[in-house]
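File shown: model-v6.txt. Contents: compact mmCIF, C-alpha atoms.
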```
# COMPACT_ATOMS: atom_id res chain seq x y z
CA MET X 1 3.77 -52.92 -65.50
CA LYS X 2 3.97 -54.73 -62.19
CA ASP X 3 7.30 -53.28 -61.19
CA VAL X 4 6.34 -49.61 -61.17
CA PHE X 5 7.09 -47.71 -57.98
CA PRO X 6 5.25 -44.42 -57.42
CA LEU X 7 7.16 -41.18 -57.94
CA TRP X 8 7.90 -38.77 -55.06
CA GLU X 9 9.17 -35.21 -55.08
CA VAL X 10 11.85 -34.39 -52.53
CA PHE X 11 12.18 -31.08 -50.67
CA ILE X 12 15.06 -30.28 -48.35
CA ARG X 13 15.58 -27.52 -45.83
CA SER X 14 19.28 -26.84 -45.84
CA ARG X 15 19.41 -24.97 -42.54
CA ASN X 16 17.17 -23.52 -39.90
CA GLY X 17 15.42 -20.40 -41.02
CA LEU X 18 15.29 -21.37 -44.67
CA ALA X 19 12.35 -22.84 -46.55
CA HIS X 20 12.28 -26.37 -47.93
CA LYS X 21 13.45 -26.37 -51.51
CA HIS X 22 12.73 -28.86 -54.26
CA VAL X 23 15.84 -30.93 -54.99
CA GLY X 24 14.62 -33.75 -57.21
CA SER X 25 12.50 -36.84 -57.33
CA LEU X 26 12.73 -40.56 -56.64
CA HIS X 27 10.73 -43.78 -56.78
CA ALA X 28 9.58 -45.62 -53.65
CA THR X 29 6.71 -47.88 -52.68
CA ASP X 30 5.69 -45.93 -49.58
CA ALA X 31 6.42 -42.76 -47.61
CA THR X 32 8.81 -44.42 -45.15
CA LEU X 33 10.98 -45.83 -47.90
CA ALA X 34 10.74 -42.57 -49.86
CA LEU X 35 12.12 -40.69 -46.87
CA GLN X 36 14.90 -43.23 -46.40
CA ALA X 37 15.84 -43.08 -50.09
CA ALA X 38 15.73 -39.26 -50.07
CA ARG X 39 18.22 -39.26 -47.20
CA ASP X 40 20.57 -41.57 -49.12
CA ILE X 41 20.25 -39.86 -52.48
CA TYR X 42 20.05 -36.20 -51.59
CA THR X 43 21.81 -35.67 -48.24
CA ARG X 44 25.11 -37.53 -48.37
CA ARG X 45 27.11 -34.39 -47.57
CA GLY X 46 25.18 -32.51 -44.94
CA GLU X 47 22.83 -30.87 -47.43
CA GLY X 48 19.87 -30.81 -45.11
CA LEU X 49 18.29 -30.70 -41.68
CA SER X 50 14.81 -31.67 -42.77
CA ILE X 51 13.26 -33.60 -45.64
CA TRP X 52 9.75 -33.59 -47.08
CA VAL X 53 8.62 -36.22 -49.55
CA VAL X 54 5.40 -35.65 -51.46
CA PRO X 55 3.72 -38.03 -53.93
CA SER X 56 4.23 -36.39 -57.32
CA ASN X 57 0.63 -36.97 -58.27
CA ALA X 58 -0.47 -34.88 -55.26
CA ILE X 59 1.02 -31.76 -56.81
CA THR X 60 -1.16 -29.52 -58.92
CA ALA X 61 0.97 -27.40 -61.21
CA SER X 62 0.22 -24.44 -63.41
CA ASP X 63 0.32 -25.11 -67.13
CA PRO X 64 3.29 -23.52 -68.92
CA ALA X 65 0.90 -22.71 -71.75
CA ASP X 66 -0.98 -20.42 -69.33
CA LYS X 67 2.16 -18.55 -68.41
CA GLU X 68 1.09 -15.30 -70.05
CA MET X 69 -2.42 -15.38 -68.68
CA MET X 70 -1.13 -16.18 -65.20
CA PHE X 71 1.87 -13.94 -64.85
CA GLU X 72 1.90 -11.30 -67.54
CA PRO X 73 -0.61 -8.97 -65.80
CA THR X 74 1.87 -8.37 -62.98
CA ALA X 75 4.34 -6.80 -65.41
CA SER X 76 2.02 -3.88 -66.08
CA LYS X 77 1.38 -3.12 -62.41
CA ILE X 78 4.48 -1.18 -61.66
CA TYR X 79 2.67 0.69 -58.88
CA ARG X 80 3.01 -2.50 -56.80
CA HIS X 81 6.72 -1.82 -56.45
CA PRO X 82 8.24 0.65 -53.97
CA THR X 83 10.36 2.32 -56.63
CA PHE X 84 7.17 3.55 -58.34
CA TYR X 85 6.72 6.18 -55.62
CA ASP X 86 8.74 9.37 -55.27
CA VAL X 87 9.87 10.30 -51.81
CA PRO X 88 11.59 13.70 -51.40
CA GLU X 89 15.32 13.30 -51.00
CA GLU X 90 15.33 15.34 -47.75
CA VAL X 91 13.25 12.62 -46.14
CA GLY X 92 16.10 10.15 -46.58
CA HIS X 93 15.85 6.39 -46.76
CA MET X 94 12.39 4.96 -46.43
CA MET J 1 30.54 -39.53 -63.43
CA TYR J 2 30.97 -40.55 -66.85
CA THR J 3 29.59 -39.64 -70.09
CA GLN J 4 30.45 -40.09 -73.62
CA ALA J 5 27.61 -41.17 -75.71
CA LEU J 6 27.19 -37.56 -74.95
CA ASN J 7 26.87 -37.05 -78.60
CA ALA J 8 23.66 -38.94 -78.85
CA LYS J 9 22.70 -38.66 -82.45
CA PRO J 10 19.78 -36.29 -82.88
CA ASP J 11 16.81 -37.97 -84.44
CA ALA J 12 16.83 -35.90 -87.55
CA GLY J 13 15.03 -38.62 -89.49
CA GLU J 14 11.99 -38.29 -87.24
CA PRO J 15 9.18 -36.57 -89.08
CA GLN J 16 8.90 -33.01 -87.84
CA LEU J 17 5.26 -32.57 -87.06
CA GLU J 18 5.69 -29.18 -85.44
CA ASP J 19 5.06 -26.27 -87.64
CA ALA J 20 7.87 -23.95 -88.53
CA ALA J 21 6.66 -21.12 -86.32
CA LEU J 22 6.77 -23.31 -83.21
CA LEU J 23 10.24 -24.56 -84.04
CA GLU J 24 11.37 -21.03 -84.55
CA ALA J 25 9.91 -19.93 -81.23
CA PHE J 26 11.67 -22.84 -79.54
CA GLN J 27 15.01 -21.96 -81.09
CA ALA J 28 14.53 -18.35 -80.03
CA ARG J 29 14.13 -19.48 -76.41
CA ILE J 30 17.30 -21.56 -76.71
CA ASP J 31 19.20 -18.68 -78.27
CA ALA J 32 18.07 -16.39 -75.45
CA GLU J 33 19.65 -18.90 -72.99
CA ASP J 34 16.23 -19.68 -71.62
CA ARG J 35 16.01 -23.08 -69.86
CA ILE J 36 13.51 -25.61 -71.17
CA GLU J 37 11.42 -27.25 -68.43
CA PRO J 38 9.58 -30.61 -68.50
CA ASN J 39 6.10 -29.39 -69.38
CA ASP J 40 7.26 -26.85 -71.93
CA ARG J 41 6.56 -27.42 -75.57
CA MET J 42 9.62 -28.89 -77.29
CA PRO J 43 10.35 -30.50 -80.67
CA ALA J 44 10.00 -34.29 -80.69
CA ALA J 45 13.61 -34.63 -81.82
CA TYR J 46 14.87 -32.53 -78.89
CA ARG J 47 12.96 -34.77 -76.49
CA LYS J 48 14.26 -37.95 -78.09
CA THR J 49 17.85 -36.76 -78.27
CA LEU J 50 17.85 -35.75 -74.62
CA THR J 51 16.07 -38.89 -73.44
CA ARG J 52 18.75 -40.96 -75.10
CA GLN J 53 21.65 -38.84 -73.93
CA ILE J 54 20.51 -38.55 -70.31
CA SER J 55 19.57 -42.22 -70.02
CA GLN J 56 22.87 -43.34 -71.52
CA HIS J 57 24.60 -41.06 -69.07
CA ALA J 58 22.59 -42.69 -66.25
CA HIS J 59 23.44 -46.18 -67.48
CA SER J 60 27.12 -45.20 -67.50
CA GLU J 61 26.94 -44.21 -63.84
CA ILE J 62 25.28 -47.48 -62.90
CA VAL J 63 27.60 -49.71 -64.94
CA GLY J 64 30.49 -47.56 -63.68
CA MET J 65 29.97 -49.00 -60.21
CA LEU J 66 31.12 -52.42 -61.43
CA PRO J 67 34.83 -51.92 -62.22
CA GLU J 68 35.39 -50.04 -58.96
CA GLY J 69 33.14 -52.25 -56.87
CA ASN J 70 35.56 -55.00 -57.88
CA TRP J 71 38.15 -53.58 -55.45
CA ILE J 72 36.04 -52.62 -52.42
CA THR J 73 36.76 -55.85 -50.55
CA ARG J 74 40.46 -55.65 -51.42
CA ALA J 75 41.14 -51.97 -50.66
CA PRO J 76 44.53 -51.71 -48.93
CA SER J 77 43.31 -49.85 -45.82
CA LEU J 78 40.13 -48.93 -44.00
CA ARG J 79 40.57 -45.31 -45.12
CA ARG J 80 40.79 -46.33 -48.77
CA LYS J 81 37.89 -48.72 -48.38
CA ALA J 82 35.60 -46.11 -46.83
CA ALA J 83 36.48 -43.62 -49.58
CA LEU J 84 35.90 -46.14 -52.35
CA LEU J 85 32.58 -47.22 -50.87
CA ALA J 86 31.50 -43.58 -50.70
CA LYS J 87 32.58 -43.01 -54.29
CA VAL J 88 30.72 -46.04 -55.60
CA GLN J 89 27.65 -44.95 -53.65
CA ASP J 90 27.95 -41.53 -55.30
CA GLU J 91 27.95 -43.15 -58.74
CA CYS J 92 24.71 -44.88 -57.87
CA GLY J 93 23.28 -41.54 -56.72
CA HIS J 94 24.39 -39.91 -59.97
CA GLY J 95 22.61 -42.64 -61.91
CA LEU J 96 19.43 -41.97 -59.94
CA TYR J 97 19.53 -38.17 -60.42
CA LEU J 98 19.97 -38.79 -64.12
CA TYR J 99 17.19 -41.37 -64.45
CA ALA J 100 14.92 -38.90 -62.67
CA ALA J 101 15.93 -36.16 -65.13
CA ALA J 102 15.35 -38.49 -68.09
CA GLU J 103 11.93 -39.46 -66.78
CA THR J 104 10.77 -35.86 -66.88
CA LEU J 105 10.88 -36.25 -70.66
CA GLY J 106 8.20 -38.93 -70.52
CA THR J 107 9.94 -42.32 -70.52
CA SER J 108 9.72 -44.37 -67.31
CA ARG J 109 12.77 -45.52 -65.43
CA GLU J 110 11.64 -49.13 -65.83
CA GLU J 111 11.70 -48.74 -69.60
CA LEU J 112 15.09 -47.06 -69.53
CA VAL J 113 16.59 -49.74 -67.28
CA ASP J 114 15.11 -52.37 -69.53
CA GLN J 115 16.91 -50.82 -72.50
CA LEU J 116 20.19 -51.17 -70.61
CA LEU J 117 19.56 -54.75 -69.52
CA THR J 118 18.59 -55.95 -72.98
CA GLY J 119 21.66 -54.31 -74.47
CA LYS J 120 19.57 -51.91 -76.53
CA ALA J 121 20.99 -48.81 -74.85
CA LYS J 122 24.66 -47.92 -74.78
CA TYR J 123 26.81 -46.73 -71.91
CA SER J 124 30.27 -45.22 -71.78
CA SER J 125 32.85 -47.47 -73.46
CA ILE J 126 35.35 -46.87 -70.66
CA PHE J 127 33.59 -49.31 -68.32
CA ASN J 128 34.25 -52.20 -70.63
CA TYR J 129 37.88 -52.24 -69.51
CA PRO J 130 38.90 -54.35 -66.51
CA THR J 131 40.34 -53.16 -63.18
CA LEU J 132 43.29 -55.52 -62.84
CA THR J 133 45.17 -53.93 -59.92
CA TRP J 134 44.58 -51.50 -57.07
CA ALA J 135 46.35 -48.81 -59.11
CA ASP J 136 43.43 -48.97 -61.55
CA ILE J 137 41.24 -47.48 -58.84
CA GLY J 138 43.65 -44.55 -58.64
CA ALA J 139 43.78 -44.22 -62.42
CA ILE J 140 39.99 -44.33 -62.77
CA GLY J 141 39.43 -41.60 -60.19
CA TRP J 142 42.17 -39.41 -61.60
CA LEU J 143 41.67 -39.97 -65.34
CA VAL J 144 38.18 -41.30 -65.92
CA ASP J 145 36.54 -38.96 -63.44
CA GLY J 146 38.83 -36.20 -64.65
CA ALA J 147 37.62 -36.73 -68.21
CA ALA J 148 34.05 -36.92 -66.98
CA ILE J 149 34.41 -33.56 -65.22
CA MET J 150 35.60 -31.96 -68.47
CA ASN J 151 32.51 -33.33 -70.19
CA GLN J 152 30.07 -32.54 -67.43
CA ILE J 153 30.95 -29.01 -66.43
CA PRO J 154 29.59 -27.54 -69.69
CA LEU J 155 26.48 -29.71 -69.22
CA CYS J 156 25.65 -27.67 -66.10
CA ARG J 157 24.59 -25.02 -68.64
CA CYS J 158 22.65 -27.41 -70.87
CA SER J 159 19.40 -25.95 -72.21
CA TYR J 160 17.27 -28.61 -70.52
CA GLY J 161 16.69 -27.53 -66.89
CA PRO J 162 16.44 -30.90 -65.11
CA TYR J 163 19.59 -32.21 -66.82
CA ALA J 164 21.54 -29.05 -66.01
CA ARG J 165 20.45 -29.18 -62.36
CA ALA J 166 21.39 -32.86 -62.05
CA MET J 167 24.80 -32.05 -63.53
CA ILE J 168 25.43 -29.33 -60.96
CA ARG J 169 24.96 -31.85 -58.17
CA VAL J 170 27.07 -34.44 -59.98
CA CYS J 171 29.96 -32.03 -60.63
CA LYS J 172 30.11 -31.01 -56.97
CA GLU J 173 30.63 -34.64 -55.99
CA GLU J 174 32.94 -35.51 -58.86
CA SER J 175 35.77 -33.42 -57.50
CA PHE J 176 36.12 -35.70 -54.48
CA HIS J 177 36.37 -38.67 -56.85
CA GLN J 178 39.17 -37.20 -58.87
CA ARG J 179 41.18 -36.12 -55.84
CA GLN J 180 40.85 -39.48 -54.10
CA GLY J 181 42.08 -41.17 -57.30
CA TYR J 182 45.03 -38.85 -57.70
CA GLU J 183 45.98 -39.34 -54.05
CA ILE J 184 46.16 -43.09 -54.65
CA MET J 185 48.46 -42.42 -57.63
CA VAL J 186 50.66 -40.08 -55.56
CA THR J 187 51.00 -42.71 -52.84
CA LEU J 188 51.88 -45.46 -55.31
CA SER J 189 54.31 -43.32 -57.26
CA LYS J 190 56.17 -42.46 -54.06
CA GLY J 191 56.21 -46.11 -53.03
CA ASN J 192 58.57 -48.94 -53.86
CA GLU J 193 59.57 -50.10 -57.34
CA ALA J 194 56.68 -52.56 -57.62
CA GLN J 195 54.18 -49.87 -56.60
CA ARG J 196 55.58 -47.38 -59.11
CA GLU J 197 55.37 -50.01 -61.82
CA MET J 198 51.79 -50.73 -60.86
CA ALA J 199 50.93 -47.03 -61.20
CA GLN J 200 52.69 -46.77 -64.56
CA ASP J 201 50.95 -49.89 -65.83
CA ALA J 202 47.54 -48.51 -64.87
CA LEU J 203 48.29 -45.21 -66.61
CA ASN J 204 49.43 -47.11 -69.70
CA ARG J 205 46.18 -49.03 -69.90
CA TRP J 206 43.74 -46.20 -69.07
CA TRP J 207 45.24 -43.27 -70.95
CA TRP J 208 44.01 -44.04 -74.47
CA PRO J 209 40.56 -45.30 -73.48
CA CYS J 210 40.15 -42.04 -71.51
CA LEU J 211 40.95 -39.95 -74.58
CA MET J 212 38.31 -41.98 -76.43
CA MET J 213 35.71 -41.04 -73.82
CA PHE J 214 35.30 -37.67 -75.52
CA GLY J 215 33.95 -39.36 -78.62
CA PRO J 216 35.01 -39.38 -82.26
CA PRO J 217 37.10 -36.52 -83.66
CA ASP J 218 35.14 -33.47 -84.78
CA ALA J 219 35.85 -34.17 -88.44
CA ALA J 220 34.14 -37.57 -88.15
CA SER J 221 31.29 -36.60 -85.86
CA GLN J 222 28.27 -35.38 -87.73
CA HIS J 223 25.98 -35.62 -84.70
CA SER J 224 27.11 -32.57 -82.84
CA ASP J 225 25.65 -29.81 -84.98
CA GLN J 226 22.04 -30.08 -83.88
CA SER J 227 23.02 -30.66 -80.25
CA THR J 228 25.18 -27.55 -80.39
CA LYS J 229 22.37 -25.55 -81.93
CA TRP J 230 20.07 -26.69 -79.13
CA LYS J 231 22.74 -25.84 -76.54
CA ILE J 232 22.83 -29.37 -75.22
CA LYS J 233 26.48 -29.47 -76.19
CA ARG J 234 28.69 -26.44 -75.62
CA PHE J 235 32.12 -27.65 -76.74
CA SER J 236 33.21 -30.04 -79.46
CA ASN J 237 34.71 -33.46 -78.71
CA ASP J 238 38.18 -32.34 -79.73
CA GLU J 239 38.01 -29.15 -77.69
CA LEU J 240 37.13 -31.10 -74.55
CA ARG J 241 39.75 -33.75 -75.27
CA GLN J 242 42.41 -31.05 -75.62
CA LYS J 243 41.40 -29.43 -72.34
CA PHE J 244 41.71 -32.80 -70.64
CA VAL J 245 45.14 -33.52 -72.11
CA ASP J 246 46.41 -30.05 -71.16
CA ALA J 247 45.20 -30.44 -67.59
CA THR J 248 46.39 -34.02 -67.14
CA VAL J 249 49.88 -34.15 -68.65
CA PRO J 250 51.48 -31.96 -65.95
CA GLN J 251 49.74 -34.05 -63.28
CA ALA J 252 51.33 -37.19 -64.75
CA HIS J 253 54.72 -35.48 -64.77
CA TYR J 254 54.33 -34.59 -61.12
CA LEU J 255 53.85 -38.29 -60.43
CA GLY J 256 57.06 -39.03 -62.35
CA LEU J 257 55.08 -41.25 -64.72
CA THR J 258 55.38 -41.44 -68.49
CA LEU J 259 52.35 -41.04 -70.72
CA PRO J 260 52.11 -43.95 -73.16
CA ASP J 261 52.29 -41.69 -76.21
CA PRO J 262 55.68 -41.28 -77.96
CA ASP J 263 54.23 -38.45 -80.07
CA LEU J 264 53.13 -36.33 -77.13
CA LYS J 265 54.82 -32.92 -77.23
CA PHE J 266 54.24 -29.41 -75.98
CA ASN J 267 53.59 -26.79 -78.62
CA GLU J 268 55.12 -23.55 -77.33
CA GLN J 269 53.16 -21.48 -79.81
CA THR J 270 49.68 -22.74 -79.03
CA GLY J 271 50.40 -23.57 -75.40
CA HIS J 272 48.80 -26.99 -75.90
CA TRP J 273 50.02 -30.55 -75.54
CA GLU J 274 49.77 -32.35 -78.88
CA TYR J 275 48.94 -36.04 -78.68
CA GLY J 276 49.43 -38.91 -81.11
CA ALA J 277 46.85 -40.77 -83.18
CA ILE J 278 44.00 -42.42 -81.30
CA ASP J 279 43.09 -45.98 -82.29
CA TRP J 280 39.49 -45.40 -83.33
CA ASP J 281 39.11 -49.01 -84.44
CA GLU J 282 39.49 -50.07 -80.83
CA PHE J 283 36.84 -47.52 -79.85
CA LYS J 284 34.41 -48.85 -82.48
CA GLN J 285 35.01 -52.42 -81.35
CA VAL J 286 34.30 -51.58 -77.70
CA ILE J 287 31.17 -49.60 -78.61
CA ALA J 288 30.02 -52.50 -80.78
CA GLY J 289 30.15 -54.81 -77.76
CA ASN J 290 33.54 -56.39 -78.30
CA GLY J 291 35.53 -54.73 -75.51
CA PRO J 292 37.27 -56.81 -72.86
CA CYS J 293 34.34 -56.70 -70.40
CA ASN J 294 31.15 -55.86 -72.32
CA ARG J 295 29.55 -59.24 -71.71
CA ASP J 296 30.58 -59.35 -68.05
CA ARG J 297 29.13 -55.91 -67.36
CA LEU J 298 25.75 -56.67 -68.88
CA ALA J 299 25.63 -60.07 -67.22
CA ALA J 300 26.41 -58.49 -63.83
CA ARG J 301 23.66 -55.86 -64.24
CA ASN J 302 21.14 -58.48 -65.31
CA LYS J 303 22.08 -60.72 -62.39
CA ALA J 304 21.74 -57.88 -59.88
CA HIS J 305 18.39 -56.86 -61.35
CA ALA J 306 17.03 -60.42 -61.29
CA GLU J 307 18.31 -61.09 -57.77
CA GLY J 308 16.78 -57.86 -56.51
CA ALA J 309 13.35 -58.66 -57.95
CA TRP J 310 12.07 -60.17 -54.71
CA VAL J 311 12.95 -56.98 -52.81
CA ARG J 312 10.99 -54.84 -55.25
CA GLU J 313 8.07 -57.24 -55.17
CA ALA J 314 8.06 -57.41 -51.37
CA ALA J 315 8.14 -53.61 -51.03
CA LEU J 316 5.21 -53.26 -53.43
CA ALA J 317 3.24 -56.05 -51.73
CA TYR J 318 3.80 -54.44 -48.34
CA ALA J 319 2.66 -51.03 -49.60
CA GLU J 320 -0.45 -52.60 -51.14
CA LYS J 321 -1.26 -54.47 -47.94
CA ARG J 322 -0.95 -51.31 -45.84
CA HIS J 323 -3.04 -49.43 -48.33
CA ALA J 324 -5.78 -52.09 -48.24
CA ARG J 325 -5.80 -52.09 -44.43
CA LYS J 326 -6.10 -48.35 -44.32
CA ALA J 327 -8.97 -48.46 -46.80
CA ALA J 328 -10.75 -51.13 -44.74
CA ALA J 329 -10.35 -49.30 -41.43
```
This structure in structure tokens:
Amino acid sequence: MKDVFPLWEVFIRSRNGLAHKHVGSLHATDATLALQAARDIYTRRGEGLSIWVVPSNAITASDPADKEMMFEPTASKIYRHPTFYDVPEEVGHM
Amino acid sequence: MYTQALNAKPDAGEPQLEDAALLEAFQARIDAEDRIEPNDRMPAAYRKTLTRQISQHAHSEIVGMLPEGNWITRAPSLRRKAALLAKVQDECGHGLYLYAAAETLGTSREELVDQLLTGKAKYSSIFNYPTLTWADIGAIGWLVDGAAIMNQIPLCRCSYGPYARAMIRVCKEESFHQRQGYEIMVTLSKGNEAQREMAQDALNRWWWPCLMMFGPPDAASQHSDQSTKWKIKRFSNDELRQKFVDATVPQAHYLGLTLPDPDLKFNEQTGHWEYGAIDWDEFKQVIAGNGPCNRDRLAARNKAHAEGAWVREAALAYAEKRHARKAAA
């Protein structure tokens, strides 16, 4: 189809000190127009101080089918969490 | 803003290729209030139902710009004009969030827009009514957006993640729409005789079509079961309609206006307002394409799309040219 505009993912940092967060996607022919459209679509009410637009096809994502293989092993490693370790009460907060 | 074909009919006739174990696992995720994300495995019928529902919702937002856009140049003050412009721009934004959510299910926006332009896809019946006076802008914000909010708030908890997230953004913005509409109604109802009459006339014309926005009565709607099971739909049409009536009747009374329903009465026992019979033949006619403005709305969308073609082509040509130059350098 001749009319197809590439897809972009939009990330917005809502205030200083916070990370950019994914807010949605949009279609635009180039980065300049993608940024302009992101401003119009996603920041009409002071939602952000900074915008990133990234071509969707530049993102490599994990496969949901691999979820168990990728993330399940962490569930069994409770010794990675601070609550796994006993600290004598007399020592107080650590 | 507006929804209604919200009860997109699930494609039950579609052959179910998934095996029973997968369907069961999917239903278990739904039952556990897990959110389904774009790349997750899902039944073909779930995908089709949602694609249709979300795209029809998007089309409604886009077509919904037309009746209100009709009054931008004639708004009675700069304040009203700025607010109406912002509202219409929001509707466009809502359409875009929704098209983006629909696309995550695997149908391109171009295809979806094409379905609207060719008349293949439906949009909310409410936009096939004309905006005859300025009071209609008040009535739309107050009633149509009010009805839309009732429909959309439960959708914020829809089982499909991208749709639910789009709805959260939409609902946040919808509140401004309803309040700006009601403010117009307050101003008119406190105005002179002609202004009060204008407000009453708008209420008379929009009330019944707004009640129809919630879709056919539960007894006649066989589409909702599967959508409810999949947690796309959380409340029945009649439940949402009742909530809307209960919330809206006192607001009309505050305005000193009369609802155009001689059978409307408060039931002390249930605490609900009971309304008269809805003319479902009118609803069917409007859905079938025979409402007052169906042809105008489609013609306007097609005209805008055709007249914007050169902009889309120029933007693509420019991007290609820059790309080629970069490659050559």
Enumerate as a PyMOL selection string the residues belonging to chain J that approach chain X to within 9 Å, with all atoms listed in the file taken into account. chain J and resi 37+39-41+90+92-94+96-97+100-101+108-110+162+165-166+309+312-313+315-320
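When the distance limit is 7 Å and all atoms listed in the file are what count, the residues near Pro67 of chain J, minus those fewer than 3 positions from it on the same chain, are Gly64, Asn70, Phe127, Pro130 and Thr131 of chain J.
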Counting only C-alpha atoms, which residues come within 9 Å of (53.1, -41.4, -74.6), with the point read in the file's coordinates, and could you list them as a PDB file with C-alpha atoms, keeping the file's coordinate frame?
```pdb
ATOM      1  CA  ASN J 204      49.430 -47.110 -69.700  1.00  0.00           C
ATOM      2  CA  TRP J 207      45.240 -43.270 -70.950  1.00  0.00           C
ATOM      3  CA  THR J 258      55.380 -41.440 -68.490  1.00  0.00           C
ATOM      4  CA  LEU J 259      52.350 -41.040 -70.720  1.00  0.00           C
ATOM      5  CA  PRO J 260      52.110 -43.950 -73.160  1.00  0.00           C
ATOM      6  CA  ASP J 261      52.290 -41.690 -76.210  1.00  0.00           C
ATOM      7  CA  PRO J 262      55.680 -41.280 -77.960  1.00  0.00           C
ATOM      8  CA  ASP J 263      54.230 -38.450 -80.070  1.00  0.00           C
ATOM      9  CA  LEU J 264      53.130 -36.330 -77.130  1.00  0.00           C
ATOM     10  CA  TYR J 275      48.940 -36.040 -78.680  1.00  0.00           C
ATOM     11  CA  GLY J 276      49.430 -38.910 -81.110  1.00  0.00           C
TER      12      GLY J 276
END
```
What is the atom CA of Val245 of chain J-atom CA of Gln178 of chain J distance in Å, reported with one decimal?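 Atom-to-atom, atom CA of Val245 of chain J and atom CA of Gln178 of chain J are spaced 15.0 Å apart.
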Which one of J:Tyr129, J:Arg35, J:Gln242, J:Leu98 sits closest to Asp296 of chain J if you count all atoms listed in the file?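 Closest to Asp296 of chain J, using all atoms listed in the file: J:Tyr129.
What separates atom CA of Asp145 of chain J from atom CA of Ser55 of chain J is a distance of 18.5 Å.
You will find atom CA of Ser14 of chain X at 14.5 Å from atom CA of Arg169 of chain J.
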Nearest to Ala75 of chain J by atom-to-atom distance, counting only C-alpha atoms, from J:Ile137, J:Ala32, J:Ile168, J:Leu23: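 Of the candidates, the smallest distance to Ala75 of chain J is held by J:Ile137.
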Please list, as a PyMOL selection string, the residues that have an atom at most 10 Å away from (37.0, -57.8, -58.4) in the coordinates of this file, counting only C-alpha atoms. chain J and resi 66-74+130-134
Env of Asp279 of chain J: 12 Å cut, atoms = only C-alpha atoms, seq-sep filter 4 positions within chain, self excluded. Answer as a VMD selection string. chain J and resid 207 to 212 215 to 217 261 283 to 286
Have a look at X:Lys67, X:Ala19, X:Ile59, X:Val10 and name the one nearest to Arg39 of chain X; count all atoms listed in the file. X:Val10
Using the file's own x, y and z axes, what box holds all listed atoms of segment 61-79 of chain X with 6 Å on each side, keeping edges along x, y and z, and what are its centre and edge lengths in Å to one decimal, as JSON?
```
{"center_x": 1.0, "center_y": -13.4, "center_z": -65.3, "size_x": 18.9, "size_y": 40.1, "size_z": 24.9}
```
Near Arg15 of chain X, within 10 Å and counting only C-alpha atoms, which residues show up once chain neighbours fewer than 3 positions away are dropped, as a ChimeraX atom specification? /X:12,18-20,46-50
Residues within 8 Å of Lys87 of chain J, only C-alpha atoms, excluding chain neighbours under 4 positions, as an NGL selection string: :J and (83 or 91 or 177)
